[in-house]
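The block underneath contains the structure these notes are about, expressed in structure tokens.
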Amino acid sequence: MAVNPDLLNQAQRFADWLQHQALPLWVKHGQLNDGGSVERLTVQATPNLQDNRRVRVHARQIYAYSAAVEMGWLDRATGEKLVEGLHDYLNTHGRNPDTPVGYAHVLTGENQLVDGKLDLYDCAFHIFAATYRYKVFAQQDALQQADGILNYLDSQLKGPGLGWLEGNYIADVRRQNPHMHLFETFLALYEATNQARYLDYARQMFALFEQVFFDKQHGVLLEFFDHHWTPAPDGKGQLIEPGHMFEWVWLLRRYQRHTGTETGHYCEQLIEHGLHYGLDAQSGLIFDEVSLSGEITKPTKRNWPVIEMIKAYLAQAEFGVAGAEQHAAEAIALLFRYFIEPANQGLFFDQLDSHNRVANDSAPASILYHLMLAAVEATLYCNNAN
């Protein structure tokens with residue numbers, strides 16, 4: 001079946017930009033002499049060496065460079081050297097002081113410990129990075145590392161009922177976000193290994209989505225909960241991040257692909273209500289945060305919700321949803337219009353304000369993960385559909 005020509009053009013545009021502009025720039029300016037990743041680049045493509053470094057950014061960069069090699073957008077020798085440097089950096093500087101398998105949360109620009117906690121969200125990305133080291137470079141130690149972190153989660157952080165605790169620290173609330181990324185990681189592990197046990201873990205995350213995260217009354221995804229998995233008090237439990245609703249559409253359809261579980265009714269509601277609550281009618285972009293009452297609690301707009309909207313529509317298109325290809329093409333065009341084209345070559349803007357003016361003109365390294373995922377999905381969709 002022929003792919004929508006607008007989508008073909010936009011997907012090629014996206015892949016070309018990553019391969020010929022973004023990746024060369026990040027390879028040249030995004031890695032430091034110690035092998036670690038910069039936290040962000042300025043509009044002149046220079047790092048602020050005084051920035052604190054989030055340790056998980058290195059895991060996300062391992063994914064980005066590994067996926068680029070897998071797609072043929074980065075030569076293998078360069079990609080493997082970058083990945084090895086990032087992995088060595090993590091093990092040299094980023095180790096959590098209290099666990100044999102985990103990593104710390106934040107370091108200074110001089111690699112001194114700022115926050116040593118082991119965080120569940122971070123763990124999801126460290127397992128994800130190990131998955132791609134195994135998948136793309138066949139590094140056997142990577143799968144052992146993934147299992148080591150997962151075993152730690154099971155033995156030390158398993159919460160009552162479904163899911164895991166927030167980390168090796170006391171948390172005020174429980175979050176859906178780390179579990180969403182664990183869902184992503186388990187699906188990636190299953191795809192890389194074909195081992196059913198990883199799909200069983202994904203089933204646990206799907207159960208959490210159905211039983212806890214998805215508000216059936218309103219058809220939305222909730223973010224914050226108390227320790228009994230009840231929506232958090234004081235209004236926090238009513239907050240919505242529409243970008244995460246689009247991200248779940250992509251994950252649910254991947255889960256359906258592997259299990260045959262029908263998820264279309266959830267996907268339709270997540271997109272419909274994500275747009276209902278989150279769409280800025282003036283720009284077509286997505287607000288960062290809203291509430292069930294209709295209040296726009298964060299009128300800013302980051303780039304990643306649009307990136308996740310691209311993936312959501314591509315996932316819907318795979319399952320034959322009418323109009324989804326065109327919506328995916330339009331979402332790529334939005335990303336370029338507001339966040340990529342106005343920035344210097346190979347860079348991107350991170351966030352706009354309530355008037356759609358640039359609010360943050362630095363380019364966080366962590367966003368390369370989002371961009372790579374969406375460009376890969378767009379390219380593979382067009383290749384497979386054709």
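Identifiers for the structure tokens are assigned positionally: chains receive A, B, ... in sequence, residues are indexed from 1 per chain, and ligands are indexed from 1 in the order shown.
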Test item: residues at most 6 Å from stretch 329-344 of chain A, only C-alpha atoms, excluding those fewer than 6 positions along its chain, as number ranges by chain: A: 6-7, 10, 310
Output C-alpha atoms of each residue in that selection to a file, as a compact mmCIF listing (two decimals), in the first residue's frame.
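Okay, this is what ended up in part_8.txt:
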# COMPACT_ATOMS: atom_id res chain seq x y z
CA ASP A 6 3.41 14.13 2.55
CA LEU A 7 4.55 11.60 5.13
CA GLN A 10 8.51 14.67 5.89
CA ILE A 310 4.53 11.97 15.61
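By only C-alpha atoms, and with residues fewer than 5 positions from A:Val358 along its chain excluded, the set lying at most 10 Å from it is A:Thr300, A:Lys301, A:Arg302, A:Tyr338, A:Phe339, A:Pro342, A:Phe349, A:Asp350, A:Gln351, A:Leu352, A:Asp353.
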Go ahead and write the selection's residues with C-alpha atoms as a PDB file, in the first residue's frame.
ATOM      1  CA  THR A 300       4.890  26.545  27.926  1.00  0.00           C
ATOM      2  CA  LYS A 301       5.421  24.053  25.109  1.00  0.00           C
ATOM      3  CA  ARG A 302       8.457  21.808  24.894  1.00  0.00           C
ATOM      4  CA  TYR A 338       8.789  25.821  15.551  1.00  0.00           C
ATOM      5  CA  PHE A 339      11.796  23.982  16.969  1.00  0.00           C
ATOM      6  CA  PRO A 342      14.541  28.623  13.545  1.00  0.00           C
ATOM      7  CA  PHE A 349      15.012  24.850  20.459  1.00  0.00           C
ATOM      8  CA  ASP A 350      13.730  23.127  23.567  1.00  0.00           C
ATOM      9  CA  GLN A 351      10.747  25.171  24.724  1.00  0.00           C
ATOM     10  CA  LEU A 352       8.400  27.984  23.725  1.00  0.00           C
ATOM     11  CA  ASP A 353       6.512  30.295  26.070  1.00  0.00           C
TER      12      ASP A 353
END
A:Glu247 surroundings by only C-alpha atoms, 8 Å radius, close-in-sequence under 3 positions cut, as number ranges by chain: A: 243-244, 250-251, 308-309, 311-312
Write a file of the just-selected residues containing C-alpha atoms, as a PDB file, in the first residue's frame.
ATOM      1  CA  GLY A 243       2.836  14.423  25.692  1.00  0.00           C
ATOM      2  CA  HIS A 244       2.855  11.299  27.840  1.00  0.00           C
ATOM      3  CA  TRP A 250       3.000   4.375  20.648  1.00  0.00           C
ATOM      4  CA  LEU A 251       3.818   1.912  23.442  1.00  0.00           C
ATOM      5  CA  GLU A 308       5.632  11.958  20.791  1.00  0.00           C
ATOM      6  CA  MET A 309       2.605  13.008  18.746  1.00  0.00           C
ATOM      7  CA  LYS A 311       5.117   8.512  17.086  1.00  0.00           C
ATOM      8  CA  ALA A 312       1.505   8.188  18.222  1.00  0.00           C
TER       9      ALA A 312
END
Neighbour list for A:Gly235 as a list in words, cut-off 10 Å, only C-alpha atoms, skip fewer than 6 positions in-chain: Phe224, Ser291, Leu292 and Ser293 of chain A
Selection: 6 Å around stretch 206-223 of chain A, only C-alpha atoms, excl. self and same-chain fewer than 3 positions, as a VMD selection string: chain A and resid 175 to 176 203 240 269 to 270
File of the preceding selection, C-alpha atoms, as a PDB file, in the first residue's frame:
ATOM      1  CA  ARG A 175       4.965   8.457  39.310  1.00  0.00           C
ATOM      2  CA  GLN A 176       3.644   6.856  36.170  1.00  0.00           C
ATOM      3  CA  ARG A 203       2.434  -7.278  30.751  1.00  0.00           C
ATOM      4  CA  ILE A 240      -2.030  15.723  32.925  1.00  0.00           C
ATOM      5  CA  GLN A 269      -9.162   8.131  23.845  1.00  0.00           C
ATOM      6  CA  LEU A 270      -5.578   9.125  24.655  1.00  0.00           C
TER       7      LEU A 270
END
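The residue that comes closest to A:Pro299, out of A:Tyr277, A:Tyr169, A:Tyr313, A:Tyr134 and on the basis of only C-alpha atoms, is A:Tyr277.
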Set the distance at 7 Å and use only C-alpha atoms: which residues neighbour stretch 179-185 of chain A once local chain neighbours fewer than 4 positions away are removed? I'd like the list as an mmCIF file with N, CA and C atoms, in the first residue's frame.
data_model
loop_
_atom_site.group_PDB
_atom_site.id
_atom_site.type_symbol
_atom_site.label_atom_id
_atom_site.label_comp_id
_atom_site.auth_asym_id
_atom_site.auth_seq_id
_atom_site.Cartn_x
_atom_site.Cartn_y
_atom_site.Cartn_z
ATOM 1 N N ALA A 124 15.381 2.879 34.297
ATOM 2 C CA ALA A 124 14.751 2.484 33.041
ATOM 3 C C ALA A 124 15.669 2.798 31.869
ATOM 4 N N ILE A 127 18.853 0.482 31.743
ATOM 5 C CA ILE A 127 18.523 -0.810 31.142
ATOM 6 C C ILE A 127 18.328 -0.648 29.639
ATOM 7 N N PHE A 128 17.684 0.436 29.233
ATOM 8 C CA PHE A 128 17.434 0.713 27.817
ATOM 9 C C PHE A 128 18.754 0.844 27.060
ATOM 10 N N LEU A 189 13.717 -4.889 25.115
ATOM 11 C CA LEU A 189 14.435 -6.101 25.506
ATOM 12 C C LEU A 189 13.845 -7.337 24.827
ATOM 13 N N ALA A 202 6.543 -6.596 30.553
ATOM 14 C CA ALA A 202 5.721 -5.613 29.840
ATOM 15 C C ALA A 202 4.252 -5.787 30.188
ATOM 16 N N MET A 205 3.416 -3.899 33.227
ATOM 17 C CA MET A 205 3.265 -2.466 32.994
ATOM 18 C C MET A 205 1.919 -2.161 32.338
ATOM 19 N N LEU A 251 3.460 3.110 22.687
ATOM 20 C CA LEU A 251 3.818 1.912 23.442
ATOM 21 C C LEU A 251 2.710 0.870 23.423
#
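Excluding A:Val55 itself and same-chain residues fewer than 2 positions from it, the residues having an atom within 6 Å of it are Arg53, Val57, His58, His105 and Val106 of chain A, counting only C-alpha atoms.
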